[in-house]
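**Q** One file is attached below, final_30.txt, containing compact mmCIF, C-alpha atoms.
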# COMPACT_ATOMS: atom_id res chain seq x y z
CA MET A 1363 207.45 35.96 -36.56
CA THR A 1364 203.74 36.31 -35.98
CA GLN A 1365 200.92 34.86 -38.02
CA VAL A 1366 198.67 37.39 -39.73
CA SER A 1367 195.37 36.54 -41.38
CA MET A 1368 193.14 38.74 -43.46
CA THR A 1369 190.76 38.68 -46.40
CA VAL A 1370 192.30 40.06 -49.59
CA ASN A 1371 190.00 40.61 -52.56
CA GLY A 1372 187.52 38.19 -51.03
CA LYS A 1373 189.98 35.38 -50.35
CA SER A 1374 191.25 34.35 -46.91
CA VAL A 1375 195.03 34.58 -46.70
CA SER A 1376 197.59 34.25 -43.95
CA GLY A 1377 201.34 34.38 -43.51
CA ASP A 1378 204.12 34.79 -40.99
CA VAL A 1379 205.42 38.33 -40.68
CA GLU A 1380 207.70 40.41 -38.49
CA GLY A 1381 206.39 43.28 -36.42
CA ARG A 1382 207.92 45.71 -38.90
CA THR A 1383 206.43 44.13 -42.05
CA LEU A 1384 204.39 46.74 -43.89
CA LEU A 1385 201.02 45.92 -45.38
CA SER A 1386 202.44 46.85 -48.80
CA SER A 1387 205.30 44.36 -48.30
CA PHE A 1388 202.89 41.63 -47.21
CA LEU A 1389 200.75 42.15 -50.30
CA ARG A 1390 203.66 42.36 -52.73
CA ASP A 1391 206.28 40.00 -51.29
CA HIS A 1392 204.18 37.40 -49.46
CA LEU A 1393 201.09 37.30 -51.68
CA SER A 1394 202.79 38.35 -54.95
CA LEU A 1395 200.09 40.97 -55.48
CA THR A 1396 202.48 43.42 -57.12
CA GLY A 1397 199.76 45.67 -58.52
CA THR A 1398 200.03 47.70 -55.32
CA HIS A 1399 202.97 49.96 -56.12
CA VAL A 1400 205.44 51.48 -53.69
CA GLY A 1401 206.53 54.85 -55.02
CA CYS A 1402 207.90 57.17 -52.38
CA ASP A 1403 207.72 54.88 -49.33
CA THR A 1404 207.10 58.02 -47.26
CA ALA A 1405 203.28 58.13 -47.50
CA GLN A 1406 203.26 61.08 -49.88
CA CYS A 1407 202.61 59.67 -53.33
CA GLY A 1408 199.61 57.37 -52.92
CA ALA A 1409 200.72 54.68 -55.39
CA CYS A 1410 200.25 52.13 -52.59
CA VAL A 1411 196.63 53.01 -51.73
CA VAL A 1412 194.50 49.97 -50.91
CA HIS A 1413 191.19 49.59 -49.10
CA VAL A 1414 191.16 48.35 -45.50
CA ASN A 1415 187.62 47.63 -44.32
CA GLY A 1416 186.40 49.81 -47.17
CA GLU A 1417 188.59 52.83 -46.41
CA ALA A 1418 191.47 54.10 -48.57
CA VAL A 1419 194.80 53.83 -46.74
CA LYS A 1420 198.44 54.07 -47.75
CA SER A 1421 199.63 50.49 -47.38
CA CYS A 1422 203.30 51.51 -47.12
CA ASN A 1423 202.36 53.38 -43.95
CA MET A 1424 200.45 50.63 -42.17
CA LEU A 1425 201.84 47.53 -40.50
CA ALA A 1426 200.64 44.20 -41.85
CA LEU A 1427 199.75 43.13 -38.31
CA GLU A 1428 197.45 46.15 -37.99
CA ALA A 1429 195.38 44.62 -40.80
CA ASP A 1430 194.98 41.29 -39.00
CA GLY A 1431 191.37 40.20 -39.47
CA ALA A 1432 190.65 43.05 -41.89
CA ASP A 1433 188.96 43.00 -45.27
CA VAL A 1434 191.58 44.31 -47.72
CA GLY A 1435 190.96 45.32 -51.33
CA THR A 1436 193.71 45.85 -53.89
CA ILE A 1437 193.85 46.77 -57.56
CA GLU A 1438 193.86 43.05 -58.43
CA GLY A 1439 190.29 42.85 -57.09
CA GLN A 1440 188.97 45.78 -59.14
CA ALA A 1441 188.23 44.11 -62.49
CA ASN A 1442 184.80 42.68 -63.19
CA ASP A 1443 184.24 38.97 -62.49
CA ASP A 1444 184.70 38.12 -66.19
CA GLY A 1445 188.12 39.84 -66.17
CA SER A 1446 187.01 42.91 -68.09
CA LEU A 1447 187.94 46.37 -66.80
CA ASN A 1448 185.52 47.88 -64.30
CA VAL A 1449 183.88 51.25 -64.90
CA ILE A 1450 186.72 53.24 -63.32
CA GLN A 1451 189.50 51.33 -65.08
CA GLN A 1452 187.71 51.57 -68.42
CA ALA A 1453 187.25 55.33 -67.96
CA PHE A 1454 190.99 55.73 -67.28
CA GLN A 1455 191.69 53.92 -70.55
CA ASP A 1456 189.06 55.80 -72.54
CA HIS A 1457 190.16 59.24 -71.35
CA HIS A 1458 193.90 58.63 -71.39
CA GLY A 1459 194.07 58.94 -67.60
CA LEU A 1460 197.47 57.27 -67.46
CA GLN A 1461 200.78 57.43 -69.22
CA CYS A 1462 203.50 55.41 -67.49
CA GLY A 1463 200.88 53.81 -65.26
CA PHE A 1464 202.88 53.71 -62.05
CA CYS A 1465 200.44 55.83 -60.04
CA THR A 1466 197.36 54.23 -61.63
CA PRO A 1467 196.66 51.48 -59.06
CA GLY A 1468 196.57 54.09 -56.31
CA MET A 1469 194.51 56.46 -58.45
CA VAL A 1470 191.94 53.74 -59.18
CA MET A 1471 191.71 52.66 -55.53
CA SER A 1472 191.34 56.26 -54.35
CA THR A 1473 188.69 56.85 -57.01
CA ALA A 1474 186.74 53.79 -55.90
CA ALA A 1475 186.82 55.06 -52.30
CA LEU A 1476 185.71 58.53 -53.37
CA LEU A 1477 182.81 57.33 -55.53
CA LYS A 1478 181.56 54.98 -52.78
CA ASP A 1479 180.98 58.00 -50.50
CA ASN A 1480 180.28 60.58 -53.18
CA PRO A 1481 178.88 58.97 -56.36
CA ARG A 1482 178.69 62.24 -58.35
CA PRO A 1483 181.56 64.46 -57.19
CA THR A 1484 182.20 67.90 -58.65
CA GLU A 1485 185.47 68.51 -60.47
CA ALA A 1486 186.72 70.47 -57.45
CA GLU A 1487 185.83 67.58 -55.11
CA VAL A 1488 187.73 65.14 -57.33
CA ARG A 1489 190.83 67.33 -57.36
CA LYS A 1490 190.63 67.81 -53.60
CA TYR A 1491 190.27 64.08 -52.98
CA LEU A 1492 193.33 63.30 -55.09
CA GLU A 1493 195.61 65.50 -52.99
CA GLY A 1494 197.37 62.40 -51.69
CA ASN A 1495 197.89 60.77 -55.09
CA LEU A 1496 200.76 62.10 -57.17
CA CYS A 1497 201.12 61.63 -60.92
CA ARG A 1498 204.24 62.88 -62.66
CA CYS A 1499 203.05 62.24 -66.23
CA THR A 1500 199.54 63.37 -66.96
CA GLY A 1501 199.19 66.75 -65.30
CA TYR A 1502 196.01 65.30 -63.70
CA HIS A 1503 193.49 66.75 -66.18
CA ASN A 1504 192.76 63.45 -67.88
CA ILE A 1505 192.66 61.61 -64.56
CA VAL A 1506 190.03 64.05 -63.33
CA LYS A 1507 188.17 63.65 -66.61
CA ALA A 1508 188.25 59.85 -66.29
CA ILE A 1509 186.87 60.01 -62.76
CA MET A 1510 184.08 62.38 -63.78
CA ALA A 1511 183.25 60.02 -66.65
CA ALA A 1512 183.34 56.99 -64.34
CA SER A 1513 180.75 58.71 -62.17
CA GLY A 1514 178.47 59.02 -65.19
CA GLN A 1515 178.90 62.75 -65.73
CA ASP A 1516 179.34 64.73 -68.91
CA VAL A 1517 183.03 65.47 -69.38
CA SER A 1518 182.87 67.44 -72.62
CA SER A 1519 183.45 70.75 -70.80
CA ILE A 1520 186.41 69.64 -68.66
CA ALA A 1521 189.60 71.52 -69.33
CA ALA A 1522 192.19 69.43 -71.12
CA GLU A 1523 191.85 66.97 -73.96
CA MET B 1398 213.14 49.79 -39.98
CA TYR B 1399 214.65 48.01 -37.01
CA ASN B 1400 212.39 45.17 -35.97
CA PHE B 1401 210.10 45.32 -32.93
CA GLU B 1402 207.46 43.28 -31.20
CA PHE B 1403 203.89 44.25 -32.09
CA GLU B 1404 201.05 44.21 -29.63
CA LYS B 1405 197.43 45.24 -30.06
CA PRO B 1406 195.61 45.27 -26.72
CA SER B 1407 191.85 45.82 -26.55
CA THR B 1408 191.70 47.72 -23.25
CA ILE B 1409 193.46 50.81 -21.88
CA ALA B 1410 194.67 48.81 -18.87
CA ASP B 1411 196.32 46.20 -21.10
CA ALA B 1412 197.91 48.93 -23.22
CA VAL B 1413 199.34 50.67 -20.14
CA ALA B 1414 200.72 47.32 -18.92
CA ALA B 1415 202.32 46.60 -22.32
CA LEU B 1416 203.86 50.09 -22.39
CA GLY B 1417 205.57 49.32 -19.10
CA ALA B 1418 208.14 47.21 -20.98
CA GLU B 1419 211.49 48.88 -21.55
CA ASP B 1420 211.57 50.98 -24.77
CA ALA B 1421 207.99 50.13 -25.67
CA GLN B 1422 206.18 52.87 -27.58
CA ALA B 1423 202.53 53.60 -28.31
CA LEU B 1424 201.35 53.49 -31.94
CA GLY B 1425 198.40 55.65 -32.95
CA GLY B 1426 197.69 55.69 -36.66
CA GLY B 1427 201.40 55.57 -37.47
CA GLN B 1428 201.27 58.30 -40.10
CA THR B 1429 204.27 60.00 -38.51
CA LEU B 1430 205.74 57.16 -36.48
CA ILE B 1431 206.07 54.64 -39.32
CA PRO B 1432 208.01 57.05 -41.58
CA THR B 1433 210.16 57.88 -38.54
CA LEU B 1434 210.88 54.19 -37.99
CA LYS B 1435 211.74 53.78 -41.68
CA GLN B 1436 214.38 56.48 -41.26
CA ARG B 1437 215.71 54.56 -38.23
CA LEU B 1438 215.18 57.65 -36.12
CA ALA B 1439 213.50 55.50 -33.46
CA ALA B 1440 214.13 51.95 -32.31
CA PRO B 1441 211.38 50.84 -29.94
CA SER B 1442 211.52 47.29 -28.55
CA ALA B 1443 207.76 46.99 -28.98
CA LEU B 1444 204.97 48.96 -30.58
CA VAL B 1445 201.70 48.93 -28.69
CA SER B 1446 198.91 49.69 -31.12
CA LEU B 1447 196.03 51.72 -29.66
CA SER B 1448 193.79 51.04 -32.67
CA GLY B 1449 192.05 48.05 -31.09
CA ILE B 1450 190.76 49.89 -28.02
CA ALA B 1451 187.06 50.58 -28.63
CA GLU B 1452 186.66 52.84 -25.55
CA MET B 1453 189.19 55.29 -27.08
CA LYS B 1454 187.27 55.84 -30.31
CA GLY B 1455 184.54 58.23 -31.34
CA VAL B 1456 183.09 61.66 -30.66
CA CYS B 1457 180.47 62.37 -27.99
CA VAL B 1458 178.75 65.41 -26.52
CA ASP B 1459 178.89 65.55 -22.72
CA ASP B 1460 176.07 66.76 -20.43
CA ASP B 1461 177.72 70.17 -20.03
CA GLY B 1462 177.85 70.65 -23.82
CA SER B 1463 181.56 69.97 -24.18
CA VAL B 1464 182.73 67.60 -26.93
CA SER B 1465 184.92 64.61 -26.05
CA ILE B 1466 186.99 62.91 -28.72
CA GLY B 1467 188.63 59.55 -28.01
CA GLY B 1468 192.40 59.51 -28.39
CA ALA B 1469 192.31 56.77 -31.05
CA THR B 1470 189.72 58.55 -33.21
CA THR B 1471 190.88 59.10 -36.78
CA HIS B 1472 190.87 62.51 -38.44
CA ALA B 1473 188.24 61.25 -40.92
CA THR B 1474 185.94 60.26 -38.06
CA VAL B 1475 186.36 63.63 -36.35
CA GLU B 1476 185.63 65.38 -39.65
CA ALA B 1477 182.38 63.41 -39.98
CA GLU B 1478 181.21 63.00 -36.38
CA ALA B 1479 182.11 66.43 -34.94
CA ALA B 1480 180.59 68.31 -37.89
CA ASP B 1481 177.44 69.24 -35.91
CA SER B 1482 178.82 69.47 -32.36
CA TYR B 1483 182.10 71.33 -33.06
CA PRO B 1484 182.24 72.33 -36.75
CA ALA B 1485 185.53 74.29 -36.55
CA MET B 1486 187.34 71.24 -35.14
CA ALA B 1487 185.74 68.99 -37.78
CA ALA B 1488 186.96 71.43 -40.44
CA LEU B 1489 190.47 71.34 -38.97
CA ALA B 1490 190.49 67.53 -39.05
CA GLY B 1491 189.39 67.62 -42.69
CA GLN B 1492 192.46 69.69 -43.63
CA ILE B 1493 195.08 67.31 -42.25
CA GLY B 1494 197.22 65.44 -44.78
CA ASP B 1495 195.11 63.75 -47.45
CA PRO B 1496 192.10 61.39 -47.37
CA ALA B 1497 194.14 58.19 -46.95
CA VAL B 1498 196.21 59.73 -44.15
CA ARG B 1499 193.02 60.94 -42.44
CA ASN B 1500 191.67 57.39 -42.46
CA ARG B 1501 194.60 56.23 -40.29
CA GLY B 1502 195.99 59.19 -38.35
CA THR B 1503 194.52 59.86 -34.90
CA ILE B 1504 193.99 62.93 -32.72
CA GLY B 1505 195.80 61.34 -29.78
CA GLY B 1506 198.80 60.48 -31.92
CA SER B 1507 199.01 63.98 -33.36
CA VAL B 1508 198.68 65.72 -29.99
CA ALA B 1509 201.15 63.39 -28.25
CA ASN B 1510 203.69 63.89 -31.04
CA ASN B 1511 203.33 67.70 -30.92
CA ASP B 1512 204.92 68.34 -34.30
CA PRO B 1513 205.60 72.09 -34.51
CA ALA B 1514 203.60 72.30 -37.76
CA ALA B 1515 200.73 69.91 -36.93
CA CYS B 1516 197.14 71.17 -36.97
CA TYR B 1517 195.63 69.57 -33.86
CA PRO B 1518 197.96 71.21 -31.30
CA ALA B 1519 196.60 74.59 -32.46
CA GLY B 1520 193.01 73.35 -32.17
CA VAL B 1521 193.57 71.87 -28.71
CA LEU B 1522 195.45 74.89 -27.34
CA GLY B 1523 193.17 77.38 -29.07
CA SER B 1524 190.10 75.69 -27.58
CA GLY B 1525 191.62 75.45 -24.11
CA ALA B 1526 190.82 71.74 -24.18
CA THR B 1527 191.61 69.22 -21.46
CA ILE B 1528 193.84 66.26 -22.31
CA ILE B 1529 192.69 63.16 -20.45
CA THR B 1530 195.20 60.36 -19.99
CA ASN B 1531 195.05 56.97 -18.34
CA SER B 1532 196.16 58.61 -15.08
CA ARG B 1533 195.18 62.31 -14.99
CA GLN B 1534 193.74 65.39 -16.71
CA ILE B 1535 196.04 68.08 -18.13
CA GLY B 1536 194.95 71.52 -19.29
CA ALA B 1537 196.14 72.44 -22.80
CA ASP B 1538 198.08 75.43 -21.43
CA ASP B 1539 200.21 73.03 -19.36
CA PHE B 1540 200.44 70.25 -21.94
CA PHE B 1541 202.48 71.57 -24.88
CA GLU B 1542 206.05 72.12 -23.68
CA GLY B 1543 207.99 72.70 -26.91
CA LEU B 1544 209.19 71.02 -30.05
CA PHE B 1545 207.90 67.41 -30.01
CA THR B 1546 207.68 67.74 -26.22
CA THR B 1547 204.59 67.42 -24.01
CA ALA B 1548 203.71 66.90 -20.35
CA LEU B 1549 203.10 63.19 -21.02
CA GLU B 1550 205.17 60.77 -18.93
CA GLU B 1551 206.72 57.59 -20.35
CA GLY B 1552 203.98 55.12 -21.17
CA GLU B 1553 201.16 57.61 -20.53
CA ILE B 1554 198.32 57.42 -23.07
CA ILE B 1555 195.94 60.17 -24.22
CA THR B 1556 192.61 58.39 -23.80
CA SER B 1557 190.47 61.36 -24.83
CA ILE B 1558 190.43 65.12 -25.27
CA ARG B 1559 187.56 67.25 -23.95
CA PHE B 1560 186.79 70.48 -25.80
CA PRO B 1561 184.66 73.31 -24.44
CA VAL B 1562 182.71 74.51 -27.48
CA PRO B 1563 183.25 78.21 -28.25
CA GLN B 1564 180.62 80.64 -29.52
CA ALA B 1565 182.62 80.87 -32.74
CA ALA B 1566 185.89 79.37 -33.91
CA SER B 1567 187.96 79.09 -37.06
CA TYR B 1568 191.14 77.35 -38.14
CA GLN B 1569 193.06 79.14 -40.88
CA LYS B 1570 195.78 76.99 -42.41
CA PHE B 1571 198.38 78.22 -44.87
CA LEU B 1572 199.26 74.89 -46.44
CA GLN B 1573 202.79 73.73 -47.14
CA PRO B 1574 201.71 71.70 -50.16
CA ALA B 1575 204.52 69.13 -50.17
CA SER B 1576 204.29 68.04 -46.55
CA ARG B 1577 200.62 69.03 -46.24
CA PHE B 1578 201.42 70.37 -42.77
CA ALA B 1579 200.78 74.01 -41.91
CA LEU B 1580 203.38 76.53 -43.03
CA VAL B 1581 201.45 78.63 -40.53
CA GLY B 1582 198.10 77.74 -38.98
CA VAL B 1583 196.00 79.84 -36.61
CA TYR B 1584 193.15 78.52 -34.47
CA LEU B 1585 190.95 81.23 -33.03
CA ALA B 1586 188.17 80.48 -30.53
CA ARG B 1587 185.80 83.08 -29.13
CA PHE B 1588 184.23 82.24 -25.76
CA ALA B 1589 181.89 84.33 -23.61
CA ASP B 1590 184.83 85.11 -21.31
CA GLY B 1591 187.43 85.86 -23.97
CA VAL B 1592 189.28 85.02 -27.15
CA ARG B 1593 192.04 82.42 -27.51
CA VAL B 1594 194.51 82.47 -30.43
CA ALA B 1595 196.86 79.51 -30.94
CA VAL B 1596 199.52 79.41 -33.65
CA THR B 1597 201.16 76.34 -35.19
CA GLY B 1598 203.84 75.99 -37.86
CA ALA B 1599 205.52 79.26 -36.98
CA SER B 1600 207.58 78.99 -33.79
CA GLU B 1601 210.73 77.03 -33.12
CA ASP B 1602 209.17 76.22 -29.73
CA GLY B 1603 206.06 74.64 -31.28
CA VAL B 1604 202.45 75.72 -30.83
CA PHE B 1605 201.93 78.92 -28.80
CA ARG B 1606 199.25 81.39 -27.79
CA TRP B 1607 199.51 84.87 -29.27
CA SER B 1608 198.55 86.77 -26.13
CA GLU B 1609 198.89 90.27 -27.63
CA ALA B 1610 196.32 89.37 -30.29
CA GLU B 1611 194.02 87.90 -27.65
CA GLU B 1612 194.18 91.13 -25.61
CA ALA B 1613 193.51 93.29 -28.66
CA LEU B 1614 190.59 91.13 -29.77
CA ASN B 1615 189.12 91.07 -26.26
CA LYS B 1616 188.95 94.87 -26.43
CA GLU B 1617 187.56 94.97 -29.93
CA PHE B 1618 186.68 91.88 -31.94
CA ARG B 1619 187.36 92.95 -35.48
CA PRO B 1620 190.21 92.37 -37.96
CA ASP B 1621 191.53 95.95 -37.68
CA ALA B 1622 192.23 95.41 -33.98
CA LEU B 1623 195.30 93.45 -35.09
CA MET B 1624 196.58 96.15 -37.42
CA ASP B 1625 199.40 97.46 -35.23
CA LEU B 1626 200.51 94.10 -33.83
CA ARG B 1627 203.72 92.44 -34.97
CA ILE B 1628 205.12 89.07 -33.94
CA ASN B 1629 208.84 89.07 -33.21
CA PRO B 1630 210.45 87.00 -35.98
CA ALA B 1631 213.43 86.01 -33.81
CA ASN B 1632 211.81 82.78 -32.58
CA MET B 1633 210.06 81.90 -35.83
CA ILE B 1634 211.00 78.90 -37.96
CA GLY B 1635 213.06 79.89 -41.00
CA ASP B 1636 213.62 77.31 -43.74
CA LEU B 1637 213.56 77.01 -47.51
CA HIS B 1638 209.74 77.17 -47.49
CA GLY B 1639 209.61 80.51 -45.71
CA SER B 1640 211.86 82.89 -43.81
CA LYS B 1641 211.35 83.93 -40.19
CA ASP B 1642 209.98 87.29 -41.34
CA TYR B 1643 207.60 85.65 -43.78
CA ARG B 1644 206.21 83.33 -41.12
CA ALA B 1645 205.86 86.21 -38.64
CA HIS B 1646 203.90 88.14 -41.28
CA LEU B 1647 201.70 85.10 -42.03
CA VAL B 1648 200.73 84.77 -38.36
CA GLY B 1649 199.11 88.20 -38.59
CA VAL B 1650 197.44 87.48 -41.91
CA MET B 1651 196.00 84.13 -40.84
CA THR B 1652 194.79 85.53 -37.50
CA LYS B 1653 193.00 88.32 -39.34
CA ARG B 1654 191.35 85.76 -41.63
CA ALA B 1655 190.25 83.76 -38.59
CA VAL B 1656 188.64 86.86 -37.07
CA GLU B 1657 186.83 87.56 -40.34
CA ALA B 1658 185.58 83.97 -40.43
CA CYS B 1659 184.17 84.36 -36.92
CA MET B 1660 182.31 87.63 -37.54
Now, as a test, write the supplied structure out as structure tokens.
**A**
Amino acid sequence: MTQVSMTVNGKSVSGDVEGRTLLSSFLRDHLSLTGTHVGCDTAQCGACVVHVNGEAVKSCNMLALEADGADVGTIEGQANDDGSLNVIQQAFQDHHGLQCGFCTPGMVMSTAALLKDNPRPTEAEVRKYLEGNLCRCTGYHNIVKAIMAASGQDVSSIAAE
Amino acid sequence: MYNFEFEKPSTIADAVAALGAEDAQALGGGQTLIPTLKQRLAAPSALVSLSGIAEMKGVCVDDDGSVSIGGATTHATVEAEAADSYPAMAALAGQIGDPAVRNRGTIGGSVANNDPAACYPAGVLGSGATIITNSRQIGADDFFEGLFTTALEEGEIITSIRFPVPQAASYQKFLQPASRFALVGVYLARFADGVRVAVTGASEDGVFRWSEAEEALNKEFRPDALMDLRINPANMIGDLHGSKDYRAHLVGVMTKRAVEACM
């Protein structure tokens, strides 16, 4: 076992892990931050997306020890300080951007990463950016709509209701 | 996953020393290796992460105009930092996997793995790049030896790759949307002294140069020059995503598109 230390959602944390411990396992099993979902476990579905030093990564495809010393952000750190939903989360609720909700943590984290670099993406840019986040319920239209709304754009002309 | 020791050296020399241990393996971004370990298809005693080696990261333009990319540079960094100096390679990097994969996966990892459907092997071979390791320099034509096989020795690390910048170049990828690898991908580079065409995703022997197309395009650089050329489907990959004949046909189509993009 090796000690790993990192900052998660602004708090310093540490734990003893094996070489093979995944970042997703460290977050979920060691820190009980179960908002990060593990869907496919093969780095296809994107439910496990977190931020490592500000960049979106698939936490089921990164070793916990690779994140030693890193600044990690998860879905648990997304809400506003008073506990209310942030702009992205609220837009997902308002525009029905989720059904079962399993993919939603990854969708929200990917959206946050996209909007940091590209605050007003086009619809095509949103769809392109979400290529690594799979949703089996919504058909994506309302997710795209939510993201456009979260970036402050008019969504009245976007395809699906 | 079987367990392993994890090491993260900060210099190339320390990484080479750590890789001297029996069954130790280098870890780039892990976007292929970690899924492989999960399947228990590999059982290294130790993984030596190359992500902490600052001298292996980044894109720079050399005095002779060639572009050098550190072996531990992520696809996202190549997409951003090579956009001015080698736009076709930046565009290739931006088509790999998805954004989260591009934030971890590295050029050195992709080239060392030599997946028969990966994008970078086509870009490296098509550019006639030089692979620079901790011990020597290897020309791209001598580097790729077949399916998941390269000229690298045990414990040898790709520290950087040096690309001569062509007059024009284009990567045309026919996406396999589930894996996000290339069903067929063609990298075409046009230099003052000739055209190079490298094909990924198609052959059972991995990336290859389509020499007949190069000869035809050297005589006449236009899409119609390829009209009478056919790739022999015998050596093509055939699977549920596409038959051998389909892939052989796609090689022609994607090469033609690459020529059009370079006109």
**Q** As a PDB file with C-alpha atoms, keeping the file's coordinate frame, could you give me every residue of chain A near chain B (at most 9 Å apart, counting all atoms listed in the file)?
**A**
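Output file iface.pdb follows:
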ATOM      1  CA  THR A1364     203.740  36.310 -35.980  1.00  0.00           C
ATOM      2  CA  GLU A1380     207.700  40.410 -38.490  1.00  0.00           C
ATOM      3  CA  GLY A1381     206.390  43.280 -36.420  1.00  0.00           C
ATOM      4  CA  ARG A1382     207.920  45.710 -38.900  1.00  0.00           C
ATOM      5  CA  THR A1383     206.430  44.130 -42.050  1.00  0.00           C
ATOM      6  CA  ASP A1403     207.720  54.880 -49.330  1.00  0.00           C
ATOM      7  CA  THR A1404     207.100  58.020 -47.260  1.00  0.00           C
ATOM      8  CA  ALA A1405     203.280  58.130 -47.500  1.00  0.00           C
ATOM      9  CA  GLN A1406     203.260  61.080 -49.880  1.00  0.00           C
ATOM     10  CA  GLY A1408     199.610  57.370 -52.920  1.00  0.00           C
ATOM     11  CA  VAL A1411     196.630  53.010 -51.730  1.00  0.00           C
ATOM     12  CA  GLU A1417     188.590  52.830 -46.410  1.00  0.00           C
ATOM     13  CA  ALA A1418     191.470  54.100 -48.570  1.00  0.00           C
ATOM     14  CA  VAL A1419     194.800  53.830 -46.740  1.00  0.00           C
ATOM     15  CA  LYS A1420     198.440  54.070 -47.750  1.00  0.00           C
ATOM     16  CA  CYS A1422     203.300  51.510 -47.120  1.00  0.00           C
ATOM     17  CA  ASN A1423     202.360  53.380 -43.950  1.00  0.00           C
ATOM     18  CA  MET A1424     200.450  50.630 -42.170  1.00  0.00           C
ATOM     19  CA  LEU A1425     201.840  47.530 -40.500  1.00  0.00           C
ATOM     20  CA  LEU A1427     199.750  43.130 -38.310  1.00  0.00           C
ATOM     21  CA  GLU A1428     197.450  46.150 -37.990  1.00  0.00           C
ATOM     22  CA  SER A1472     191.340  56.260 -54.350  1.00  0.00           C
ATOM     23  CA  LYS A1490     190.630  67.810 -53.600  1.00  0.00           C
ATOM     24  CA  TYR A1491     190.270  64.080 -52.980  1.00  0.00           C
ATOM     25  CA  LEU A1492     193.330  63.300 -55.090  1.00  0.00           C
ATOM     26  CA  GLU A1493     195.610  65.500 -52.990  1.00  0.00           C
ATOM     27  CA  GLY A1494     197.370  62.400 -51.690  1.00  0.00           C
ATOM     28  CA  ASN A1495     197.890  60.770 -55.090  1.00  0.00           C
TER      29      ASN A1495
END
**Q** Please identify all polymer residues within 12 Å of His1503 in chain A, counting all atoms listed in the file, omitting same-chain residues fewer than 4 positions from it, and present them as a list of chain:residue names.
**A**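 With the cut-off at 12 Å, the set is A:Phe1454, A:His1457, A:His1458, A:Gly1459, A:Leu1460, A:Glu1485, A:Ala1486, A:Val1488, A:Arg1489, A:Leu1492, A:Cys1497, A:Arg1498, A:Cys1499, A:Lys1507, A:Ala1508, A:Ile1509, A:Met1510, A:Val1517, A:Ser1519, A:Ile1520, A:Ala1521, A:Ala1522, A:Glu1523.
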**Q** Can you work out the spacing between CA of Leu1384 in chain A and CA of Ala1426 in chain A in Å, to one decimal?
**A** 5.0 Å
**Q** Within 9 Å of Gly1649 in chain B, counting all atoms listed in the file, which residues qualify if same-chain residues fewer than 5 places away don't, as a ChimeraX atom specification?
**A** /B:1610,1623-1624,1626-1628,1644,1654
**Q** Just the residues within 6 Å of Ala1566 in chain B, please, counting only C-alpha atoms, with nothing from its chain fewer than 4 positions along; format it as a PDB file with C-alpha atoms, keeping the file's coordinate frame.
**A**
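Now in result_5.pdb:
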ATOM      1  CA  ALA B1485     185.530  74.290 -36.550  1.00  0.00           C
ATOM      2  CA  LEU B1585     190.950  81.230 -33.030  1.00  0.00           C
ATOM      3  CA  ALA B1586     188.170  80.480 -30.530  1.00  0.00           C
TER       4      ALA B1586
END
**Q** Quick check, in Å to one decimal: how far apart do CA of Ser1446 in chain A and CA of Gly1431 in chain A lie?
**A**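 About the pair CA of Ser1446 in chain A and CA of Gly1431 in chain A: they are 29.1 Å apart.
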**Q** Record the distance separating CA of Arg1606 in chain B and CA of Pro1513 in chain B, expressed in Å with one decimal.
**A**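 Taking CA of Arg1606 in chain B and CA of Pro1513 in chain B, their separation equals 13.1 Å.
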**Q** If we draw a sphere of 6 Å around (195.8, 78.6, -37.2), which residues have at least one atom in it when counting all atoms listed in the file? Please report them as a count of residues only.
**A** 7
**Q** Smallest atom-to-atom distance to Ile1634 in chain B: which of B:Ala1439, B:Ala1622, B:Ala1658, B:Ala1599, using all atoms listed in the file?
**A**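 Looking at the shortest contact to Ile1634 in chain B, the residue is B:Ala1599.
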**Q** Of the candidates A:Gly1445, A:Gly1501, A:Gly1514, A:Gly1401, which one gets nearest to Pro1467 in chain A if we count only C-alpha atoms?
**A**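 The answer is A:Gly1401, which sits nearest to Pro1467 in chain A.
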**Q** Using all atoms listed in the file, find the one residue out of A:Gly1397, A:Gly1377, A:Gly1372, A:Gly1463 that sits nearest to Leu1496 in chain A.
**A**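 Distance minimum relative to Leu1496 in chain A lands on A:Gly1463.
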**Q** Extract, using only C-alpha atoms, all DNA, RNA and protein residues at most 10 Å from Asn1371 in chain A, discarding same-chain residues fewer than 3 positions from it, and format them as an MDAnalysis selection string.
**A** chainID A and resid 1368 1374:1375 1413 1433:1440
**Q** Within 10 Å of (200.1, 70.5, -31.0) (coordinates as in the file), grab all the protein and nucleic acid residues, counting all atoms listed in the file, and write them out as a ChimeraX atom specification.
**A** /B:1504,1507-1523,1537,1540-1547,1595-1598,1603-1605
**Q** Choose the residue, out of A:Thr1473, A:Gln1455, A:Ser1367, A:Ser1518, that has the smallest atom-to-atom separation from Val1412 in chain A; count all atoms listed in the file.
**A** A:Thr1473
